[in-house]
Number of protein chains: 2
Amino acid sequence: MQHQKLATIEDVAALAGVSIATVSRAINEPTKVADETRRKVTEAIARTGYTTNAMARSLRMRRSNMILILAPDVGDPNFSNILVGLETEASKRGYGVLIGNTQNDPARETDYLRFISSNQADGLILFTGHLPYGFGQDGTEGRLPPMVAVNEPVPNAEVPFVGVDNFEGARIATEHLISQGHRRIAFVGRSSAREVNRLREEGYRRALAGAGIAIDPRMIIDGDGTTESGRAAAELMFVRDALPTAFFCVNDATALGVIISLNARHYDLPRQFSIMGFDDISFSSFVTPSLTTMKQPRHRIGEAAMELLLALLAGEKPREQQVLLRAELIVRNSVTRVG
Amino acid sequence: MQHQKLATIEDVAALAGVSIATVSRAINEPTKVADETRRKVTEAIARTGYTTNAMARSLRMRRSNMILILAPDVGDPNFSNILVGLETEASKRGYGVLIGNTQNDPARETDYLRFISSNQADGLILFTGHLPYGFGQDGTEGRLPPMVAVNEPVPNAEVPFVGVDNFEGARIATEHLISQGHRRIAFVGRSSAREVNRLREEGYRRALAGAGIAIDPRMIIDGDGTTESGRAAAELMFVRDALPTAFFCVNDATALGVIISLNARHYDLPRQFSIMGFDDISFSSFVTPSLTTMKQPRHRIGEAAMELLLALLAGEKPREQQVLLRAELIVRNSVTRVG
DNA sequence: TGTGATGATGTAAAGGTTTTCATGATTGAT
DNA sequence: ATCAATCATGAAAACCTTTACATCATCACA
């Protein structure tokens, strides 16, 4: 390009009057070179404006110091906040992050593997909940790079997972509703296909059982986690004519749907119904009534995941197969005392 | 690492019984090699599972096929949706995207330059609104890589800009309010420091002027674009006792603040006040009343920016210094007819 | 048949590092 | 004074490509 030719290690060596090997050592293992020599090299580097060519370095070292992040939807706000944590930690350790938006398209997933197989990335962070399509096929078998799953665990695979403790979080959320006097508590968002939903339902059940409250199957409504599914679920409850005093929703998006439905029916919230969410996404504090919810420590999840991946990369064995971080109860206005 | 040794071009050449030069050509300029030879090479590649080593390739070609994206806040939802467009277009053209979260920290900005100076990235997308701190200093002067600014133009620099047409969008928004019978229209979010705010205010003024409505300086309120600033602005109007019938807010976050303030004062929206936003961020459709706003074509902005950068990279001269995309009026419930 | 052009392939250099191994110098111990 | 150990440095190989240049065969045309 228009780049004028950059200084190479040879230019530095010439200017400092030493060999390129010495320059390399002065940069990477400063203790192994004499003080005086190091001084000369340092000065020569400053004078030439030398920066080491990452490509040559990666070629030689067989590692790129890059991490590939594979996510089904980069636009998802839940993703982007974790990304901040991932990026922060990576950058701190001298790694760069490469991002791949798969849209759940197998072709794109496969396509991104070239970054791995061509040595452009040393490790992999998976938001997809499954191994990239194309792994474990033909010759690539067994050449899986170090990787860590975030957000969504990878079933049937030895991939360490970092995420929020959904079971425990859901239990705490439900217990909060119980502590406010609620006995008829709906769970909105049952889905056997989604591990996250399953775990949150488990936590809900555990809390009810712990309080000696019998579980009413009519209080458990299917849902896929979208706002629309929350709206539909609330409507369904009116049809069934089995009304709770509180809705525990599998996530904030679902809770929003429930609120929209109840507002449309002109109920006075939270006086007539309490709503509890999970995730604490950005608009949860702005909706009316503002949403009481469980906050995911997204930044820390990102940091922890990257930390784990870099440890793996350094050859350490993971001590645990999963790292679960605690969700935090955020009390706002959508839950109120009853009875 | 645990990676077993990968096949190199030499393995392929040996298996196909040709030289490595021929293999390289078969891959990169297939027409330049005989049909029969190409067939043999293709088969050998399949058999060995060969993928070309990107590092060696980049080293030799002096280009990495990577784009660095520098953003002050990767968690910002406005950013992440543009990112999807950037990524889509890049990926389609065989480029990868590297992301750098600067948090407006000069040290981090400088740090990310190593990706450029070490040849790890060929071009730069800037969300920061200014050249990275450290550019144009000392020796690096004049070694600016191809770059494109997005979201926020870079003042006093020859950096092509891709973004929404703020002036025109604000004009359309204000005209919409006028078409609904509004005459007393406030502008919330004046800021001389922010180019975006300045342009939107310009559009607002033009629309009023076009309709022959005199501008009342009490109707123009300062604000930095945050939700809190919107709330404060609305409160200020009550103090001043100079009330409009409609608020045109510099962005949706500000509009949200205005809505929160009006709701808290128990006004019936939109009957008593109309509110118009700008941006169409995710929760705008969920707030009550749902927000009438101007939608930024974020995906297309991303695509257009990447397209432009890749053209620059290919040596083309940009035809225009800026590419402005039209915002689209999204009519929801927060604006109603008056008078 | 001879000549020049065209086409397919191979040889080798270049790209910029890191690192092994060798070399000499210096130090410390005997 | 001798020998071994340590230390600082340099020469050169290796990492894996792409590509300029050379070679050789083939073909068309005179």
# chains A, B, ... in the order shown; residues from 1 in each chain; ligands from 1
>>> closest_atom_pairs(of="chain B", to="chain D", cutoff="8 Å", atoms="only C-alpha atoms (C1' of nucleotides)", output="Markdown table")
| residue | atom | partner | partner_atom | distance |
| --- | --- | --- | --- | --- |
| B:Thr8 | CA | D:DC16 | C1' | 7.1 |
| B:Ile9 | CA | D:DC16 | C1' | 7.6 |
| B:Ser24 | CA | D:DT18 | C1' | 7.5 |
| B:Asn53 | CA | D:DC16 | C1' | 6.6 |
| B:Met55 | CA | D:DC16 | C1' | 8.0 |
| B:Ala56 | CA | D:DT17 | C1' | 4.9 |
| B:Arg57 | CA | D:DT17 | C1' | 4.9 |
| B:Leu59 | CA | D:DT17 | C1' | 7.8 |
| B:Arg60 | CA | D:DT17 | C1' | 6.2 |
| B:Met61 | CA | D:DT18 | C1' | 7.0 |
>>> residues_around(residues="DT9 in chain C", least_positions_apart="2", cutoff="12 Å", atoms="only C-alpha atoms (C1' of nucleotides)", output="number ranges by chain")
B: 17-26, 32-34, 37; C: 7, 11; D: 22-25
>>> interface_residues(of="chain C", to="chain B", cutoff="9 Å", atoms="only C-alpha atoms (C1' of nucleotides)", output="short mmCIF file (atom, residue, chain, number, x, y, z; two decimals) with N, CA and C atoms (P, O5', C5', C4', C3', O3' and C1' of nucleotides), in the first residue's frame")
data_model
loop_
_atom_site.label_atom_id
_atom_site.label_comp_id
_atom_site.auth_asym_id
_atom_site.auth_seq_id
_atom_site.Cartn_x
_atom_site.Cartn_y
_atom_site.Cartn_z
P DG C 7 -1.39 -18.51 -24.45
"O5'" DG C 7 -0.95 -19.87 -23.76
"C5'" DG C 7 -0.76 -21.04 -24.56
"C4'" DG C 7 -0.24 -22.15 -23.67
"C3'" DG C 7 -0.65 -22.01 -22.21
"O3'" DG C 7 -1.03 -23.29 -21.75
"C1'" DG C 7 1.70 -22.11 -22.36
P DA C 8 -1.64 -23.49 -20.31
"O5'" DA C 8 -0.47 -24.31 -19.62
"C5'" DA C 8 -0.13 -25.59 -20.15
"C4'" DA C 8 1.05 -26.12 -19.37
"C3'" DA C 8 0.83 -26.15 -17.85
"O3'" DA C 8 1.13 -27.46 -17.42
"C1'" DA C 8 2.86 -25.05 -18.39
P DT C 9 0.97 -27.82 -15.86
"O5'" DT C 9 2.41 -27.49 -15.32
"C5'" DT C 9 3.44 -28.44 -15.54
"C4'" DT C 9 4.75 -27.81 -15.17
"C3'" DT C 9 5.01 -27.68 -13.67
"O3'" DT C 9 5.80 -28.79 -13.28
"C1'" DT C 9 5.90 -25.87 -14.96
P DG C 10 6.19 -28.99 -11.76
"O5'" DG C 10 7.62 -28.31 -11.70
"C5'" DG C 10 8.61 -28.68 -12.67
"C4'" DG C 10 9.86 -27.83 -12.48
"C3'" DG C 10 10.33 -27.74 -11.01
"O3'" DG C 10 11.74 -27.87 -10.99
"C1'" DG C 10 9.98 -25.57 -11.90
P DA C 14 16.62 -12.18 -2.69
"O5'" DA C 14 15.26 -11.62 -2.07
"C5'" DA C 14 14.10 -11.51 -2.90
"C4'" DA C 14 12.90 -11.45 -1.99
"C3'" DA C 14 13.21 -10.89 -0.59
"O3'" DA C 14 12.21 -9.96 -0.27
"C1'" DA C 14 12.14 -12.97 -0.40
P DG C 15 12.54 -8.74 0.70
"O5'" DG C 15 11.33 -8.71 1.71
"C5'" DG C 15 10.01 -9.00 1.29
"C4'" DG C 15 9.30 -9.75 2.37
"C3'" DG C 15 9.89 -9.59 3.77
"O3'" DG C 15 9.32 -8.47 4.43
"C1'" DG C 15 9.15 -11.82 3.33
P DG C 16 10.29 -7.52 5.25
"O5'" DG C 16 10.34 -8.24 6.66
"C5'" DG C 16 9.13 -8.29 7.40
"C4'" DG C 16 9.37 -9.13 8.64
"C3'" DG C 16 10.53 -8.65 9.50
"O3'" DG C 16 10.08 -8.65 10.83
"C1'" DG C 16 10.76 -10.93 9.03
#
>>> closest_atom_pairs(of="chain B", to="chain A", cutoff="6 Å", atoms="only C-alpha atoms", output="Markdown table")
| residue | atom | partner | partner_atom | distance |
| --- | --- | --- | --- | --- |
| B:His3 | CA | A:Arg143 | CA | 5.7 |
| B:Thr51 | CA | A:Ser118 | CA | 6.0 |
| B:Thr52 | CA | A:Ser118 | CA | 6.0 |
| B:Asn53 | CA | A:Ser118 | CA | 4.6 |
| B:Ala54 | CA | A:Ser118 | CA | 5.3 |
| B:Met55 | CA | A:Leu59 | CA | 5.3 |
| B:Ala56 | CA | A:Leu59 | CA | 5.8 |
| B:Leu59 | CA | A:Met55 | CA | 5.3 |
| B:Gly75 | CA | A:Ser80 | CA | 5.0 |
| B:Ser80 | CA | A:Gly75 | CA | 4.9 |
| B:Asn81 | CA | A:Gly75 | CA | 5.0 |
| B:Val97 | CA | A:Leu98 | CA | 5.7 |
| B:Leu98 | CA | A:Leu98 | CA | 4.5 |
| B:Ser118 | CA | A:Asn53 | CA | 4.6 |
| B:Arg143 | CA | A:His3 | CA | 5.7 |
| B:Val287 | CA | A:Val287 | CA | 5.8 |
>>> write_last_selection(atoms="N, CA and C atoms", output="PDB file, in the first residue's frame")
ATOM      1  N   HIS B   3      -2.155 -29.301  18.593  1.00  0.00           N
ATOM      2  CA  HIS B   3      -2.376 -29.489  17.166  1.00  0.00           C
ATOM      3  C   HIS B   3      -1.321 -30.416  16.595  1.00  0.00           C
ATOM      4  N   THR B  51      -4.820 -26.567   4.432  1.00  0.00           N
ATOM      5  CA  THR B  51      -5.323 -25.190   4.337  1.00  0.00           C
ATOM      6  C   THR B  51      -4.115 -24.280   4.354  1.00  0.00           C
ATOM      7  N   THR B  52      -4.169 -23.239   3.549  1.00  0.00           N
ATOM      8  CA  THR B  52      -2.960 -22.429   3.472  1.00  0.00           C
ATOM      9  C   THR B  52      -2.759 -21.642   4.758  1.00  0.00           C
ATOM     10  N   ASN B  53      -1.540 -21.610   5.182  1.00  0.00           N
ATOM     11  CA  ASN B  53      -1.174 -20.919   6.404  1.00  0.00           C
ATOM     12  C   ASN B  53      -1.268 -19.407   6.196  1.00  0.00           C
ATOM     13  N   ALA B  54      -2.229 -18.833   6.899  1.00  0.00           N
ATOM     14  CA  ALA B  54      -2.520 -17.413   6.684  1.00  0.00           C
ATOM     15  C   ALA B  54      -1.340 -16.526   7.079  1.00  0.00           C
ATOM     16  N   MET B  55      -0.586 -16.969   8.054  1.00  0.00           N
ATOM     17  CA  MET B  55       0.534 -16.146   8.510  1.00  0.00           C
ATOM     18  C   MET B  55       1.610 -16.041   7.444  1.00  0.00           C
ATOM     19  N   ALA B  56       1.953 -17.196   6.890  1.00  0.00           N
ATOM     20  CA  ALA B  56       2.973 -17.205   5.847  1.00  0.00           C
ATOM     21  C   ALA B  56       2.501 -16.377   4.659  1.00  0.00           C
ATOM     22  N   LEU B  59       2.593 -12.690   5.529  1.00  0.00           N
ATOM     23  CA  LEU B  59       3.969 -12.220   5.592  1.00  0.00           C
ATOM     24  C   LEU B  59       4.476 -11.924   4.188  1.00  0.00           C
ATOM     25  N   GLY B  75     -20.123  -2.148  23.926  1.00  0.00           N
ATOM     26  CA  GLY B  75     -21.391  -2.569  24.496  1.00  0.00           C
ATOM     27  C   GLY B  75     -22.567  -1.735  24.020  1.00  0.00           C
ATOM     28  N   SER B  80     -23.357  -2.152  18.094  1.00  0.00           N
ATOM     29  CA  SER B  80     -23.354  -3.574  17.765  1.00  0.00           C
ATOM     30  C   SER B  80     -24.167  -3.876  16.516  1.00  0.00           C
ATOM     31  N   ASN B  81     -25.187  -3.107  16.264  1.00  0.00           N
ATOM     32  CA  ASN B  81     -25.947  -3.373  15.054  1.00  0.00           C
ATOM     33  C   ASN B  81     -25.203  -2.951  13.791  1.00  0.00           C
ATOM     34  N   VAL B  97     -12.690  -9.383  10.933  1.00  0.00           N
ATOM     35  CA  VAL B  97     -12.728  -8.152  11.696  1.00  0.00           C
ATOM     36  C   VAL B  97     -12.240  -8.362  13.121  1.00  0.00           C
ATOM     37  N   LEU B  98     -11.412  -7.426  13.500  1.00  0.00           N
ATOM     38  CA  LEU B  98     -10.721  -7.440  14.768  1.00  0.00           C
ATOM     39  C   LEU B  98     -11.323  -6.308  15.561  1.00  0.00           C
ATOM     40  N   SER B 118       2.066  -3.363  13.034  1.00  0.00           N
ATOM     41  CA  SER B 118       2.698  -4.665  12.930  1.00  0.00           C
ATOM     42  C   SER B 118       2.077  -5.480  11.812  1.00  0.00           C
ATOM     43  N   ARG B 143       1.888   7.722   7.916  1.00  0.00           N
ATOM     44  CA  ARG B 143       1.743   6.298   7.655  1.00  0.00           C
ATOM     45  C   ARG B 143       0.321   5.835   7.947  1.00  0.00           C
ATOM     46  N   VAL B 287     -41.401   0.878  25.043  1.00  0.00           N
ATOM     47  CA  VAL B 287     -41.718   1.867  26.052  1.00  0.00           C
ATOM     48  C   VAL B 287     -43.183   2.309  25.859  1.00  0.00           C
TER      49      VAL B 287
END
>>> atom_distance(atom1="CA of Leu236 in chain B", atom2="CA of Ile221 in chain B")
8.4 Å
>>> decode(residues="range 13-25 of chain D", atoms="all heavy atoms", output="short mmCIF file (atom, residue, chain, number, x, y, z; two decimals), in the first residue's frame")
data_model
loop_
_atom_site.label_atom_id
_atom_site.label_comp_id
_atom_site.auth_asym_id
_atom_site.auth_seq_id
_atom_site.Cartn_x
_atom_site.Cartn_y
_atom_site.Cartn_z
P DA D 13 21.96 -22.91 7.22
OP1 DA D 13 23.00 -23.81 6.69
OP2 DA D 13 21.40 -21.84 6.38
"O5'" DA D 13 20.78 -23.80 7.80
"C5'" DA D 13 20.95 -24.44 9.07
"C4'" DA D 13 19.62 -24.49 9.79
"O4'" DA D 13 19.32 -23.19 10.36
"C3'" DA D 13 18.43 -24.84 8.89
"O3'" DA D 13 17.60 -25.72 9.61
"C2'" DA D 13 17.76 -23.49 8.65
"C1'" DA D 13 18.01 -22.80 9.97
N9 DA D 13 17.99 -21.35 9.95
C8 DA D 13 18.56 -20.50 9.05
N7 DA D 13 18.37 -19.23 9.32
C5 DA D 13 17.62 -19.24 10.47
C6 DA D 13 17.09 -18.21 11.28
N6 DA D 13 17.26 -16.92 11.01
N1 DA D 13 16.39 -18.57 12.37
C2 DA D 13 16.23 -19.88 12.63
N3 DA D 13 16.68 -20.94 11.96
C4 DA D 13 17.37 -20.54 10.88
P DA D 14 16.57 -26.65 8.81
OP1 DA D 14 16.78 -28.03 9.30
OP2 DA D 14 16.65 -26.32 7.37
"O5'" DA D 14 15.18 -26.14 9.36
"C5'" DA D 14 14.99 -25.94 10.76
"C4'" DA D 14 13.79 -25.04 10.95
"O4'" DA D 14 14.18 -23.67 10.81
"C3'" DA D 14 12.68 -25.28 9.91
"O3'" DA D 14 11.47 -25.56 10.60
"C2'" DA D 14 12.60 -23.98 9.13
"C1'" DA D 14 13.17 -22.98 10.12
N9 DA D 14 13.79 -21.81 9.50
C8 DA D 14 14.57 -21.75 8.39
N7 DA D 14 14.97 -20.54 8.08
C5 DA D 14 14.40 -19.74 9.06
C6 DA D 14 14.44 -18.37 9.30
N6 DA D 14 15.09 -17.49 8.53
N1 DA D 14 13.76 -17.90 10.38
C2 DA D 14 13.08 -18.78 11.15
N3 DA D 14 12.98 -20.09 11.02
C4 DA D 14 13.67 -20.52 9.95
P DC D 15 10.30 -26.27 9.81
OP1 DC D 15 10.01 -27.52 10.52
OP2 DC D 15 10.58 -26.25 8.37
"O5'" DC D 15 9.06 -25.30 10.05
"C5'" DC D 15 8.89 -24.51 11.21
"C4'" DC D 15 8.13 -23.28 10.86
"O4'" DC D 15 9.06 -22.21 10.62
"C3'" DC D 15 7.35 -23.38 9.55
"O3'" DC D 15 6.03 -23.82 9.82
"C2'" DC D 15 7.36 -21.96 9.01
"C1'" DC D 15 8.42 -21.24 9.83
N1 DC D 15 9.46 -20.55 9.03
C2 DC D 15 9.79 -19.22 9.31
O2 DC D 15 9.20 -18.65 10.23
N3 DC D 15 10.71 -18.60 8.55
C4 DC D 15 11.32 -19.25 7.56
N4 DC D 15 12.23 -18.59 6.85
C5 DC D 15 11.01 -20.62 7.27
C6 DC D 15 10.08 -21.23 8.02
P DC D 16 5.37 -24.91 8.87
OP1 DC D 16 4.15 -25.39 9.54
OP2 DC D 16 6.41 -25.85 8.42
"O5'" DC D 16 4.95 -24.07 7.59
"C5'" DC D 16 3.91 -23.12 7.71
"C4'" DC D 16 3.84 -22.34 6.44
"O4'" DC D 16 5.07 -21.62 6.24
"C3'" DC D 16 3.63 -23.17 5.19
"O3'" DC D 16 2.33 -22.82 4.70
"C2'" DC D 16 4.76 -22.76 4.26
"C1'" DC D 16 5.24 -21.43 4.85
N1 DC D 16 6.65 -21.10 4.63
C2 DC D 16 7.01 -19.82 4.17
O2 DC D 16 6.12 -19.00 3.97
N3 DC D 16 8.31 -19.53 3.97
C4 DC D 16 9.25 -20.44 4.21
N4 DC D 16 10.52 -20.11 4.01
C5 DC D 16 8.92 -21.75 4.68
C6 DC D 16 7.62 -22.04 4.88
P DT D 17 1.63 -23.43 3.48
OP1 DT D 17 0.38 -24.02 3.92
OP2 DT D 17 2.59 -24.26 2.71
"O5'" DT D 17 1.24 -22.13 2.66
"C5'" DT D 17 2.12 -21.67 1.67
"C4'" DT D 17 2.09 -20.18 1.65
"O4'" DT D 17 3.33 -19.73 2.22
"C3'" DT D 17 2.01 -19.61 0.26
"O3'" DT D 17 0.76 -18.96 0.11
"C2'" DT D 17 3.15 -18.63 0.14
"C1'" DT D 17 4.00 -18.83 1.37
N1 DT D 17 5.35 -19.39 1.10
C2 DT D 17 6.36 -18.52 0.77
O2 DT D 17 6.20 -17.33 0.65
N3 DT D 17 7.57 -19.12 0.56
C4 DT D 17 7.87 -20.46 0.67
O4 DT D 17 9.02 -20.86 0.47
C5 DT D 17 6.77 -21.31 1.02
C7 DT D 17 7.02 -22.77 1.17
C6 DT D 17 5.57 -20.75 1.22
P DT D 18 0.22 -18.72 -1.37
OP1 DT D 18 -1.11 -18.14 -1.20
OP2 DT D 18 0.44 -19.93 -2.18
"O5'" DT D 18 1.23 -17.61 -1.93
"C5'" DT D 18 1.07 -16.28 -1.51
"C4'" DT D 18 2.08 -15.41 -2.22
"O4'" DT D 18 3.40 -15.98 -2.09
"C3'" DT D 18 1.84 -15.23 -3.71
"O3'" DT D 18 2.12 -13.87 -4.00
"C2'" DT D 18 2.86 -16.17 -4.35
"C1'" DT D 18 4.01 -16.07 -3.35
N1 DT D 18 4.94 -17.24 -3.26
C2 DT D 18 6.30 -17.00 -3.27
O2 DT D 18 6.78 -15.90 -3.39
N3 DT D 18 7.09 -18.13 -3.15
C4 DT D 18 6.65 -19.43 -3.00
O4 DT D 18 7.45 -20.35 -2.88
C5 DT D 18 5.21 -19.61 -2.99
C7 DT D 18 4.63 -20.99 -2.86
C6 DT D 18 4.43 -18.52 -3.13
P DT D 19 1.68 -13.23 -5.37
OP1 DT D 19 1.35 -11.83 -5.10
OP2 DT D 19 0.72 -14.12 -6.04
"O5'" DT D 19 3.05 -13.27 -6.19
"C5'" DT D 19 4.16 -12.55 -5.66
"C4'" DT D 19 5.37 -12.80 -6.54
"O4'" DT D 19 5.95 -14.09 -6.26
"C3'" DT D 19 5.07 -12.81 -8.05
"O3'" DT D 19 6.17 -12.20 -8.69
"C2'" DT D 19 5.04 -14.29 -8.39
"C1'" DT D 19 6.17 -14.77 -7.47
N1 DT D 19 6.20 -16.21 -7.16
C2 DT D 19 7.41 -16.77 -6.86
O2 DT D 19 8.45 -16.15 -6.84
N3 DT D 19 7.36 -18.12 -6.57
C4 DT D 19 6.24 -18.92 -6.56
O4 DT D 19 6.32 -20.12 -6.28
C5 DT D 19 5.01 -18.27 -6.88
C7 DT D 19 3.73 -19.06 -6.92
C6 DT D 19 5.04 -16.97 -7.17
P DA D 20 5.86 -11.16 -9.87
OP1 DA D 20 5.28 -9.97 -9.24
OP2 DA D 20 5.15 -11.84 -10.97
"O5'" DA D 20 7.34 -10.82 -10.35
"C5'" DA D 20 8.34 -10.50 -9.38
"C4'" DA D 20 9.69 -11.06 -9.82
"O4'" DA D 20 9.74 -12.48 -9.54
"C3'" DA D 20 9.96 -10.92 -11.32
"O3'" DA D 20 11.36 -10.64 -11.50
"C2'" DA D 20 9.59 -12.28 -11.89
"C1'" DA D 20 9.96 -13.21 -10.74
N9 DA D 20 9.14 -14.41 -10.63
C8 DA D 20 7.78 -14.51 -10.77
N7 DA D 20 7.32 -15.73 -10.61
C5 DA D 20 8.44 -16.48 -10.33
C6 DA D 20 8.63 -17.85 -10.06
N6 DA D 20 7.63 -18.73 -10.00
N1 DA D 20 9.90 -18.27 -9.83
C2 DA D 20 10.89 -17.38 -9.88
N3 DA D 20 10.84 -16.08 -10.12
C4 DA D 20 9.58 -15.69 -10.34
P DC D 21 11.89 -10.30 -12.96
OP1 DC D 21 12.95 -9.29 -12.78
OP2 DC D 21 10.75 -10.05 -13.87
"O5'" DC D 21 12.57 -11.67 -13.38
"C5'" DC D 21 13.44 -12.33 -12.47
"C4'" DC D 21 13.74 -13.71 -12.98
"O4'" DC D 21 12.63 -14.59 -12.69
"C3'" DC D 21 13.97 -13.79 -14.50
"O3'" DC D 21 15.29 -14.27 -14.71
"C2'" DC D 21 12.89 -14.74 -15.00
"C1'" DC D 21 12.54 -15.53 -13.74
N1 DC D 21 11.16 -16.08 -13.71
C2 DC D 21 10.98 -17.41 -13.34
O2 DC D 21 11.97 -18.09 -13.05
N3 DC D 21 9.72 -17.92 -13.31
C4 DC D 21 8.68 -17.15 -13.63
N4 DC D 21 7.47 -17.69 -13.58
C5 DC D 21 8.86 -15.78 -14.01
C6 DC D 21 10.09 -15.28 -14.03
P DA D 22 15.75 -14.63 -16.19
OP1 DA D 22 17.18 -14.28 -16.27
OP2 DA D 22 14.78 -14.10 -17.17
"O5'" DA D 22 15.63 -16.22 -16.17
"C5'" DA D 22 16.22 -16.95 -15.09
"C4'" DA D 22 16.02 -18.43 -15.34
"O4'" DA D 22 14.63 -18.76 -15.15
"C3'" DA D 22 16.37 -18.87 -16.76
"O3'" DA D 22 17.05 -20.12 -16.70
"C2'" DA D 22 15.02 -18.99 -17.46
"C1'" DA D 22 14.13 -19.42 -16.30
N9 DA D 22 12.72 -19.04 -16.43
C8 DA D 22 12.24 -17.80 -16.76
N7 DA D 22 10.93 -17.75 -16.79
C5 DA D 22 10.53 -19.04 -16.46
C6 DA D 22 9.27 -19.64 -16.33
N6 DA D 22 8.12 -18.99 -16.51
N1 DA D 22 9.22 -20.95 -15.99
C2 DA D 22 10.38 -21.60 -15.80
N3 DA D 22 11.62 -21.14 -15.89
C4 DA D 22 11.63 -19.84 -16.23
P DT D 23 17.66 -20.79 -17.99
OP1 DT D 23 18.95 -21.36 -17.58
OP2 DT D 23 17.55 -19.82 -19.11
"O5'" DT D 23 16.64 -21.98 -18.27
"C5'" DT D 23 16.37 -22.93 -17.23
"C4'" DT D 23 15.26 -23.83 -17.69
"O4'" DT D 23 14.02 -23.09 -17.71
"C3'" DT D 23 15.45 -24.39 -19.10
"O3'" DT D 23 15.47 -25.79 -19.01
"C2'" DT D 23 14.26 -23.86 -19.90
"C1'" DT D 23 13.24 -23.59 -18.79
N1 DT D 23 12.22 -22.56 -19.08
C2 DT D 23 10.90 -22.91 -18.91
O2 DT D 23 10.54 -24.01 -18.55
N3 DT D 23 10.01 -21.90 -19.18
C4 DT D 23 10.31 -20.61 -19.61
O4 DT D 23 9.42 -19.80 -19.83
C5 DT D 23 11.71 -20.31 -19.77
C7 DT D 23 12.13 -18.97 -20.22
C6 DT D 23 12.60 -21.29 -19.50
P DC D 24 16.12 -26.67 -20.17
OP1 DC D 24 16.98 -27.68 -19.51
OP2 DC D 24 16.64 -25.78 -21.23
"O5'" DC D 24 14.83 -27.40 -20.72
"C5'" DC D 24 13.80 -27.83 -19.80
"C4'" DC D 24 12.50 -27.93 -20.55
"O4'" DC D 24 11.87 -26.63 -20.61
"C3'" DC D 24 12.64 -28.40 -22.00
"O3'" DC D 24 11.89 -29.60 -22.14
"C2'" DC D 24 12.08 -27.26 -22.84
"C1'" DC D 24 11.17 -26.55 -21.83
N1 DC D 24 10.91 -25.12 -22.10
C2 DC D 24 9.60 -24.65 -21.97
O2 DC D 24 8.70 -25.43 -21.63
N3 DC D 24 9.34 -23.35 -22.21
C4 DC D 24 10.33 -22.52 -22.58
N4 DC D 24 10.02 -21.24 -22.80
C5 DC D 24 11.67 -22.98 -22.71
C6 DC D 24 11.92 -24.28 -22.47
P DA D 25 11.98 -30.46 -23.47
OP1 DA D 25 12.28 -31.86 -23.09
OP2 DA D 25 12.81 -29.76 -24.48
"O5'" DA D 25 10.46 -30.41 -23.94
"C5'" DA D 25 9.43 -30.61 -22.96
"C4'" DA D 25 8.12 -30.13 -23.54
"O4'" DA D 25 8.13 -28.67 -23.58
"C3'" DA D 25 7.85 -30.61 -24.97
"O3'" DA D 25 6.54 -31.14 -25.00
"C2'" DA D 25 8.00 -29.36 -25.82
"C1'" DA D 25 7.65 -28.24 -24.83
N9 DA D 25 8.27 -26.95 -25.09
C8 DA D 25 9.60 -26.69 -25.27
N7 DA D 25 9.87 -25.43 -25.47
C5 DA D 25 8.63 -24.81 -25.42
C6 DA D 25 8.25 -23.47 -25.55
N6 DA D 25 9.09 -22.46 -25.78
N1 DA D 25 6.91 -23.20 -25.45
C2 DA D 25 6.07 -24.21 -25.22
N3 DA D 25 6.32 -25.50 -25.06
C4 DA D 25 7.64 -25.74 -25.18
#
